[in-house]
Amino acid sequence: MSDPAPDPLAPLGRVAAPPEHESTSGTFYFWVDKSQAVERTQIVTTRCAVGGRAVTFVGVVQEVYRRSRQKDVHEEAARFDGRTAERPPFDSEGVTYAEVAILRTDPVAHTPPTEESEVFLATPDAARKGYGVDRMGAPLAVGLLRNGGTQFAGQAVIDLDFLLGKNGGHLNVNGIAGLGTKSTLLLTVNWLLLREVERQREKLGVTNPKRLQVVPVIFNVKNFDLFFIDRWNTEFRKDELAHKGDWAVLDVTNPKPFEKAEFYAPQGAGAATPVATGGRPSESVKPYSWALKDVIEHGLFRFLFSEDDIGTANLGGLVGEVEEWLTNGPPGEPRRRTTNGAPQTVQEALDWFKQQKDDKAFFGDFMPGTKGAFYRRLKYVVMEGDGVLRRNDPTGNPLVIPAAGRDAPLVIDLHGIHTTPGLQRFVVAAVFHQIMRAQSRKQVAGLKYLITLDELNRFAPKDSSDAITQQLELVAAEGRSQGVILLGAQQQASLVKPRVVENAAVRAVGRSGTLELGMEVWKFLNKSARDAAAQLLPEEKLLYQPSFREPMLAKIPFPPFALSENDAAPADPTPGTAPRFDDAEAPF
């Protein structure tokens with residue numbers, strides 16, 4: 001529970017602009033009334049006459065300072081004769097003052113407030129105006145807006161126009177392991193967007209083409225933590241009243257776990273079932289895999305090779321020519337070749353290349369060393385990828401993403417592919433490629449694909465330029481125009497391809513390391529924001545979008561859904577209902 005709120009009608013202090021603390025069009029200072037307490041992150045307002053018109057200023061406190069009348073610490077000590085037990089006859093009449101970054105002026109005025117203007121703690125309505133919520137095209141409340149250490153000023157709101165593609169796209173979250181709570185925010189945004197889908201469906205009707213539809217795809221990258229998001233979080237229930245109070249600020253009266261989620265895990269080697277997924281019953285998990293036919297027909301062959309594999313023109317060229325030889329049919333509808341002794345399985349492709357690689361007439365433009373390097377890499381992928389890549393099966397169980405909006409997420413496990421990190425990247429690239437290819441052919445009005453992916457540094461490393469990294473860069477740069485939205489996260493944005501991070505219109509910063517915050521990628525944050533980011537509580541995030549002059553400090557409500565098997569309540573014995581689709585589902 002927060003402490004009693006200060007009296008909003010009592011002035012906190014007055015604007016001051018003495019030498020070395022002059023006000024500017026972006027910053028002003030004010031001294032604090034002796035009876036008041038001012039804290040960093042508080043939102044304040046002041047009003048004054050500028051050029052004959054009344055202007056209201058809304059700002060956020062960047063830092064609070066305390067200064068005594070003494071010139072230096074020696075004078076401070078001399079007042080006590082250097083002994084703490086002494087008591088001087090007069091108190092040192094110091095002053096507390098605060099630095100404020102201006103968020104908004106109404107009407108617009110590129111000028112500072114005048115000195116001696118009274119400063120007040122902002123009301124929730126003033127705070128909303130300060131961050132331009134009244135100007136947002138499609139506001140979405142994602143948390144509680146901090147207004148000091150324990151107080152709040154209503155909702156922390158982002159604009160869906162920046163998140164879902166109208167004015168920008170994508171969300172990127174940064175934070176250290178454990179304290180950054182990146183998954184909490186990413187899943188909360190998914191949950192809130194599914195709720196927004198339901199709200200628009202009820203308001204606009206099922207047949208309205210302008211209503212929002214989503215296909216949430218969530219990649220699980222650590223253990224099988226996200227395979228329990230359809231269970232109650234036991235920690236939520238321990239303090240349910242308080243947590244529900246936070247959700248109520250977001251106008252959510254019934255926070256609950258995800259319903260009707262579907263779960264996919266890698267197919268086991270030599271089996272038709274998925275790998276074991278911890279405490280999740282195997283019958284509730286569907287297997288996925290690709291045979292040679294699926295790899296060719298989905299245009300995925302090049303994604304089997306990482307940066308080191310096809311970083312050179314020679315090897316990359318050979319990968320392309322082998323794929324072309326294995327492929328038949330028109331460019332828009334590739335098919336696996338079935339003539340001229342072409343291999344029909346992954347293992348046959350490996351054996352086929354082994355037999356032919358020493359033949360000078362076989363891909364004669366390439367040197368034997370290049371052919372040997374290709375064979376070794378293909379052999380490694382085939383042997384290590386057994387299961388996800390079906391060595392001897394003519395067909396697999398490739399992931400097929402729905403072509404219509406749905407009311408629950410698809411959770412795709414990557415952790416089960418723990419032998420070959422390259423195959424984890426292959427799965428991610430395969431999903432993005434499938435969606436982007438389908439969307440380039442035909443888009444459904446209002447349909448957005450929400451792709452949640454943590455550990456972006458693994459899938460789009462800063463120094464990489466392979467086909468998988470290029471696929472993620474394409475999504476970051478062009479995905480929003482095709483309805484593909486990346487909800488990404490990482491511990492260190494400085495290790496991720498800059499194009500992937502910089503194209504995220506909405507940025508969220510959880511607790512992050514000071515070394516990381518000193519990197520160039522964080523220059524958009526001022527020193528005060530970077531200092532704050534290094535000290536954030538696990539439930540706090542700094543939110544930024546292009547319309548904000550300064551980041552918004554938000555408390556994200558505690559999730560009702562489990563974030564790992566350890567905090568998952570027992571499964572509801574009541575059988576779930578089948579997923580509901582808004583339109584006919586069709587494979588890509």
# chains A, B, ... in the order shown; residues from 1 in each chain; ligands from 1
call {"tool": "select_by_dssp", "arguments": {"residues": "stretch 219-461 of chain A", "states": "alpha helix (DSSP H)", "output": "VMD selection string"}}
result
chain A and resid 234 to 238 240 to 249 292 to 297 307 to 310 313 to 326 346 to 356 368 to 384 421 to 441 456 to 459
call {"tool": "residues_around", "arguments": {"residues": "A:Lys210", "least_positions_apart": "2", "cutoff": "8 Å", "atoms": "only C-alpha atoms", "output": "ChimeraX atom specification"}}
result
/A:208,212,445-446
call {"tool": "residues_around", "arguments": {"residues": "A:Ala568", "least_positions_apart": "3", "cutoff": "10 Å", "atoms": "only C-alpha atoms", "output": "ChimeraX atom specification"}}
result
/A:225,227-235,279,560-565,571
call {"tool": "closest_residue", "arguments": {"among": "A:Leu192, A:Val197, A:Leu525, A:Met383", "to": "A:Leu447", "atoms": "only C-alpha atoms"}}
result
A:Val197
call {"tool": "closest_atom_pairs", "arguments": {"of": "stretch 190-296 of chain A", "to": "stretch 171-183 of chain A", "cutoff": "12 Å", "atoms": "only C-alpha atoms", "output": "Markdown table"}}
result
| residue | atom | partner | partner_atom | distance |
| --- | --- | --- | --- | --- |
| A:Asn190 | CA | A:Ser183 | CA | 10.5 |
| A:Trp191 | CA | A:Ser183 | CA | 11.9 |
| A:Ile218 | CA | A:Ser183 | CA | 10.3 |
| A:Phe219 | CA | A:Ser183 | CA | 10.7 |
| A:Asn220 | CA | A:Ser183 | CA | 9.9 |
| A:Val221 | CA | A:Ser183 | CA | 10.6 |
| A:Lys222 | CA | A:Ser183 | CA | 10.6 |
| A:Asp225 | CA | A:Ser183 | CA | 9.9 |
| A:Leu226 | CA | A:Ser183 | CA | 8.9 |
| A:Ile229 | CA | A:Ser183 | CA | 11.1 |
call {"tool": "atom_distance", "arguments": {"atom1": "atom CA of A:Tyr380", "atom2": "atom CA of A:Asn314"}}
result
19.2 Å
call {"tool": "atom_distance", "arguments": {"atom1": "atom CA of A:Arg40", "atom2": "atom CA of A:Gln492"}}
result
25.8 Å
call {"tool": "closest_residue", "arguments": {"among": "A:Arg376, A:His170, A:Arg79, A:Arg14", "to": "A:Glu118", "atoms": "only C-alpha atoms"}}
result
A:Arg14
call {"tool": "closest_residue", "arguments": {"among": "A:Asn503, A:Gln151, A:Asn340, A:Thr45", "to": "A:Arg480", "atoms": "only C-alpha atoms"}}
result
A:Asn503
call {"tool": "atom_distance", "arguments": {"atom1": "atom CA of A:Ser494", "atom2": "atom CA of A:Leu103"}}
result
27.7 Å
call {"tool": "closest_residue", "arguments": {"among": "A:Ala534, A:Asp466, A:Val506, A:Val427", "to": "A:Ala313", "atoms": "only C-alpha atoms"}}
result
A:Asp466
call {"tool": "decode", "arguments": {"residues": "stretch 408-424 of chain A", "atoms": "all heavy atoms", "output": "PDB file, in the first residue's frame"}}
result
ATOM      1  N   ALA A 408      -5.924 -16.645 -28.099  1.00  0.00           N
ATOM      2  CA  ALA A 408      -4.933 -17.213 -27.191  1.00  0.00           C
ATOM      3  C   ALA A 408      -3.598 -17.331 -27.909  1.00  0.00           C
ATOM      4  O   ALA A 408      -3.545 -17.407 -29.135  1.00  0.00           O
ATOM      5  CB  ALA A 408      -5.403 -18.588 -26.701  1.00  0.00           C
ATOM      6  N   PRO A 409      -2.499 -17.353 -27.149  1.00  0.00           N
ATOM      7  CA  PRO A 409      -1.180 -17.410 -27.781  1.00  0.00           C
ATOM      8  C   PRO A 409      -0.763 -18.817 -28.195  1.00  0.00           C
ATOM      9  O   PRO A 409      -1.249 -19.824 -27.660  1.00  0.00           O
ATOM     10  CB  PRO A 409      -0.253 -16.878 -26.683  1.00  0.00           C
ATOM     11  CG  PRO A 409      -0.940 -17.243 -25.407  1.00  0.00           C
ATOM     12  CD  PRO A 409      -2.414 -17.149 -25.695  1.00  0.00           C
ATOM     13  N   LEU A 410       0.145 -18.860 -29.165  1.00  0.00           N
ATOM     14  CA  LEU A 410       0.871 -20.078 -29.501  1.00  0.00           C
ATOM     15  C   LEU A 410       2.226 -19.979 -28.812  1.00  0.00           C
ATOM     16  O   LEU A 410       2.975 -19.023 -29.039  1.00  0.00           O
ATOM     17  CB  LEU A 410       1.075 -20.196 -31.005  1.00  0.00           C
ATOM     18  CG  LEU A 410      -0.147 -20.074 -31.918  1.00  0.00           C
ATOM     19  CD1 LEU A 410       0.283 -20.077 -33.368  1.00  0.00           C
ATOM     20  CD2 LEU A 410      -1.118 -21.212 -31.660  1.00  0.00           C
ATOM     21  N   VAL A 411       2.554 -20.926 -27.962  1.00  0.00           N
ATOM     22  CA  VAL A 411       3.828 -20.922 -27.246  1.00  0.00           C
ATOM     23  C   VAL A 411       4.723 -21.979 -27.885  1.00  0.00           C
ATOM     24  O   VAL A 411       4.385 -23.167 -27.882  1.00  0.00           O
ATOM     25  CB  VAL A 411       3.639 -21.202 -25.749  1.00  0.00           C
ATOM     26  CG1 VAL A 411       4.989 -21.137 -25.023  1.00  0.00           C
ATOM     27  CG2 VAL A 411       2.663 -20.211 -25.138  1.00  0.00           C
ATOM     28  N   ILE A 412       5.842 -21.541 -28.445  1.00  0.00           N
ATOM     29  CA  ILE A 412       6.747 -22.417 -29.185  1.00  0.00           C
ATOM     30  C   ILE A 412       8.044 -22.561 -28.402  1.00  0.00           C
ATOM     31  O   ILE A 412       8.753 -21.571 -28.184  1.00  0.00           O
ATOM     32  CB  ILE A 412       7.027 -21.863 -30.590  1.00  0.00           C
ATOM     33  CG1 ILE A 412       5.717 -21.704 -31.366  1.00  0.00           C
ATOM     34  CG2 ILE A 412       7.997 -22.754 -31.347  1.00  0.00           C
ATOM     35  CD1 ILE A 412       5.877 -20.995 -32.695  1.00  0.00           C
ATOM     36  N   ASP A 413       8.365 -23.762 -27.999  1.00  0.00           N
ATOM     37  CA  ASP A 413       9.573 -23.978 -27.208  1.00  0.00           C
ATOM     38  C   ASP A 413      10.815 -24.050 -28.077  1.00  0.00           C
ATOM     39  O   ASP A 413      10.811 -24.674 -29.142  1.00  0.00           O
ATOM     40  CB  ASP A 413       9.459 -25.279 -26.409  1.00  0.00           C
ATOM     41  CG  ASP A 413      10.751 -25.591 -25.683  1.00  0.00           C
ATOM     42  OD1 ASP A 413      11.139 -24.773 -24.826  1.00  0.00           O
ATOM     43  OD2 ASP A 413      11.399 -26.602 -26.012  1.00  0.00           O
ATOM     44  N   LEU A 414      11.875 -23.399 -27.620  1.00  0.00           N
ATOM     45  CA  LEU A 414      13.191 -23.493 -28.230  1.00  0.00           C
ATOM     46  C   LEU A 414      14.190 -24.177 -27.299  1.00  0.00           C
ATOM     47  O   LEU A 414      15.200 -24.709 -27.754  1.00  0.00           O
ATOM     48  CB  LEU A 414      13.720 -22.099 -28.591  1.00  0.00           C
ATOM     49  CG  LEU A 414      12.892 -21.271 -29.575  1.00  0.00           C
ATOM     50  CD1 LEU A 414      13.492 -19.890 -29.735  1.00  0.00           C
ATOM     51  CD2 LEU A 414      12.783 -21.960 -30.927  1.00  0.00           C
ATOM     52  N   HIS A 415      13.890 -24.165 -26.015  1.00  0.00           N
ATOM     53  CA  HIS A 415      14.816 -24.719 -25.029  1.00  0.00           C
ATOM     54  C   HIS A 415      15.091 -26.192 -25.288  1.00  0.00           C
ATOM     55  O   HIS A 415      16.202 -26.676 -25.040  1.00  0.00           O
ATOM     56  CB  HIS A 415      14.253 -24.526 -23.619  1.00  0.00           C
ATOM     57  CG  HIS A 415      15.056 -25.205 -22.552  1.00  0.00           C
ATOM     58  ND1 HIS A 415      16.280 -24.729 -22.126  1.00  0.00           N
ATOM     59  CD2 HIS A 415      14.812 -26.342 -21.844  1.00  0.00           C
ATOM     60  CE1 HIS A 415      16.754 -25.530 -21.195  1.00  0.00           C
ATOM     61  NE2 HIS A 415      15.899 -26.517 -21.000  1.00  0.00           N
ATOM     62  N   GLY A 416      14.096 -26.931 -25.791  1.00  0.00           N
ATOM     63  CA  GLY A 416      14.268 -28.352 -26.045  1.00  0.00           C
ATOM     64  C   GLY A 416      15.296 -28.659 -27.113  1.00  0.00           C
ATOM     65  O   GLY A 416      15.764 -29.790 -27.231  1.00  0.00           O
ATOM     66  N   ILE A 417      15.677 -27.644 -27.916  1.00  0.00           N
ATOM     67  CA  ILE A 417      16.732 -27.813 -28.921  1.00  0.00           C
ATOM     68  C   ILE A 417      18.031 -27.337 -28.286  1.00  0.00           C
ATOM     69  O   ILE A 417      18.630 -26.354 -28.718  1.00  0.00           O
ATOM     70  CB  ILE A 417      16.426 -27.001 -30.195  1.00  0.00           C
ATOM     71  CG1 ILE A 417      14.965 -27.112 -30.587  1.00  0.00           C
ATOM     72  CG2 ILE A 417      17.297 -27.470 -31.356  1.00  0.00           C
ATOM     73  CD1 ILE A 417      14.573 -26.208 -31.738  1.00  0.00           C
ATOM     74  N   HIS A 418      18.480 -28.008 -27.260  1.00  0.00           N
ATOM     75  CA  HIS A 418      19.621 -27.490 -26.508  1.00  0.00           C
ATOM     76  C   HIS A 418      20.958 -27.957 -27.057  1.00  0.00           C
ATOM     77  O   HIS A 418      22.009 -27.526 -26.595  1.00  0.00           O
ATOM     78  CB  HIS A 418      19.509 -27.884 -25.033  1.00  0.00           C
ATOM     79  CG  HIS A 418      19.137 -29.326 -24.808  1.00  0.00           C
ATOM     80  ND1 HIS A 418      20.004 -30.347 -25.037  1.00  0.00           N
ATOM     81  CD2 HIS A 418      17.965 -29.882 -24.411  1.00  0.00           C
ATOM     82  CE1 HIS A 418      19.397 -31.495 -24.765  1.00  0.00           C
ATOM     83  NE2 HIS A 418      18.170 -31.244 -24.393  1.00  0.00           N
ATOM     84  N   THR A 419      20.951 -28.860 -28.049  1.00  0.00           N
ATOM     85  CA  THR A 419      22.225 -29.345 -28.579  1.00  0.00           C
ATOM     86  C   THR A 419      22.825 -28.397 -29.607  1.00  0.00           C
ATOM     87  O   THR A 419      24.040 -28.264 -29.712  1.00  0.00           O
ATOM     88  CB  THR A 419      22.044 -30.732 -29.213  1.00  0.00           C
ATOM     89  OG1 THR A 419      21.019 -30.648 -30.219  1.00  0.00           O
ATOM     90  CG2 THR A 419      21.647 -31.753 -28.167  1.00  0.00           C
ATOM     91  N   THR A 420      21.983 -27.759 -30.393  1.00  0.00           N
ATOM     92  CA  THR A 420      22.471 -26.912 -31.488  1.00  0.00           C
ATOM     93  C   THR A 420      21.786 -25.553 -31.441  1.00  0.00           C
ATOM     94  O   THR A 420      20.640 -25.429 -31.870  1.00  0.00           O
ATOM     95  CB  THR A 420      22.198 -27.573 -32.855  1.00  0.00           C
ATOM     96  OG1 THR A 420      22.712 -28.905 -32.834  1.00  0.00           O
ATOM     97  CG2 THR A 420      22.865 -26.785 -33.969  1.00  0.00           C
ATOM     98  N   PRO A 421      22.458 -24.507 -30.916  1.00  0.00           N
ATOM     99  CA  PRO A 421      21.842 -23.168 -30.897  1.00  0.00           C
ATOM    100  C   PRO A 421      21.432 -22.701 -32.281  1.00  0.00           C
ATOM    101  O   PRO A 421      20.460 -21.964 -32.425  1.00  0.00           O
ATOM    102  CB  PRO A 421      22.950 -22.298 -30.303  1.00  0.00           C
ATOM    103  CG  PRO A 421      23.804 -23.229 -29.510  1.00  0.00           C
ATOM    104  CD  PRO A 421      23.779 -24.526 -30.260  1.00  0.00           C
ATOM    105  N   GLY A 422      22.172 -23.128 -33.315  1.00  0.00           N
ATOM    106  CA  GLY A 422      21.827 -22.713 -34.668  1.00  0.00           C
ATOM    107  C   GLY A 422      20.440 -23.156 -35.074  1.00  0.00           C
ATOM    108  O   GLY A 422      19.760 -22.467 -35.848  1.00  0.00           O
ATOM    109  N   LEU A 423      19.996 -24.316 -34.564  1.00  0.00           N
ATOM    110  CA  LEU A 423      18.654 -24.793 -34.911  1.00  0.00           C
ATOM    111  C   LEU A 423      17.572 -23.994 -34.191  1.00  0.00           C
ATOM    112  O   LEU A 423      16.449 -23.886 -34.672  1.00  0.00           O
ATOM    113  CB  LEU A 423      18.512 -26.280 -34.598  1.00  0.00           C
ATOM    114  CG  LEU A 423      19.060 -27.227 -35.670  1.00  0.00           C
ATOM    115  CD1 LEU A 423      18.895 -28.669 -35.244  1.00  0.00           C
ATOM    116  CD2 LEU A 423      18.373 -26.988 -37.002  1.00  0.00           C
ATOM    117  N   GLN A 424      17.894 -23.454 -33.008  1.00  0.00           N
ATOM    118  CA  GLN A 424      16.948 -22.545 -32.363  1.00  0.00           C
ATOM    119  C   GLN A 424      16.727 -21.328 -33.249  1.00  0.00           C
ATOM    120  O   GLN A 424      15.591 -20.894 -33.445  1.00  0.00           O
ATOM    121  CB  GLN A 424      17.468 -22.110 -30.993  1.00  0.00           C
ATOM    122  CG  GLN A 424      17.570 -23.217 -29.971  1.00  0.00           C
ATOM    123  CD  GLN A 424      18.006 -22.693 -28.611  1.00  0.00           C
ATOM    124  OE1 GLN A 424      18.381 -21.528 -28.464  1.00  0.00           O
ATOM    125  NE2 GLN A 424      17.957 -23.545 -27.605  1.00  0.00           N
TER     126      GLN A 424
END
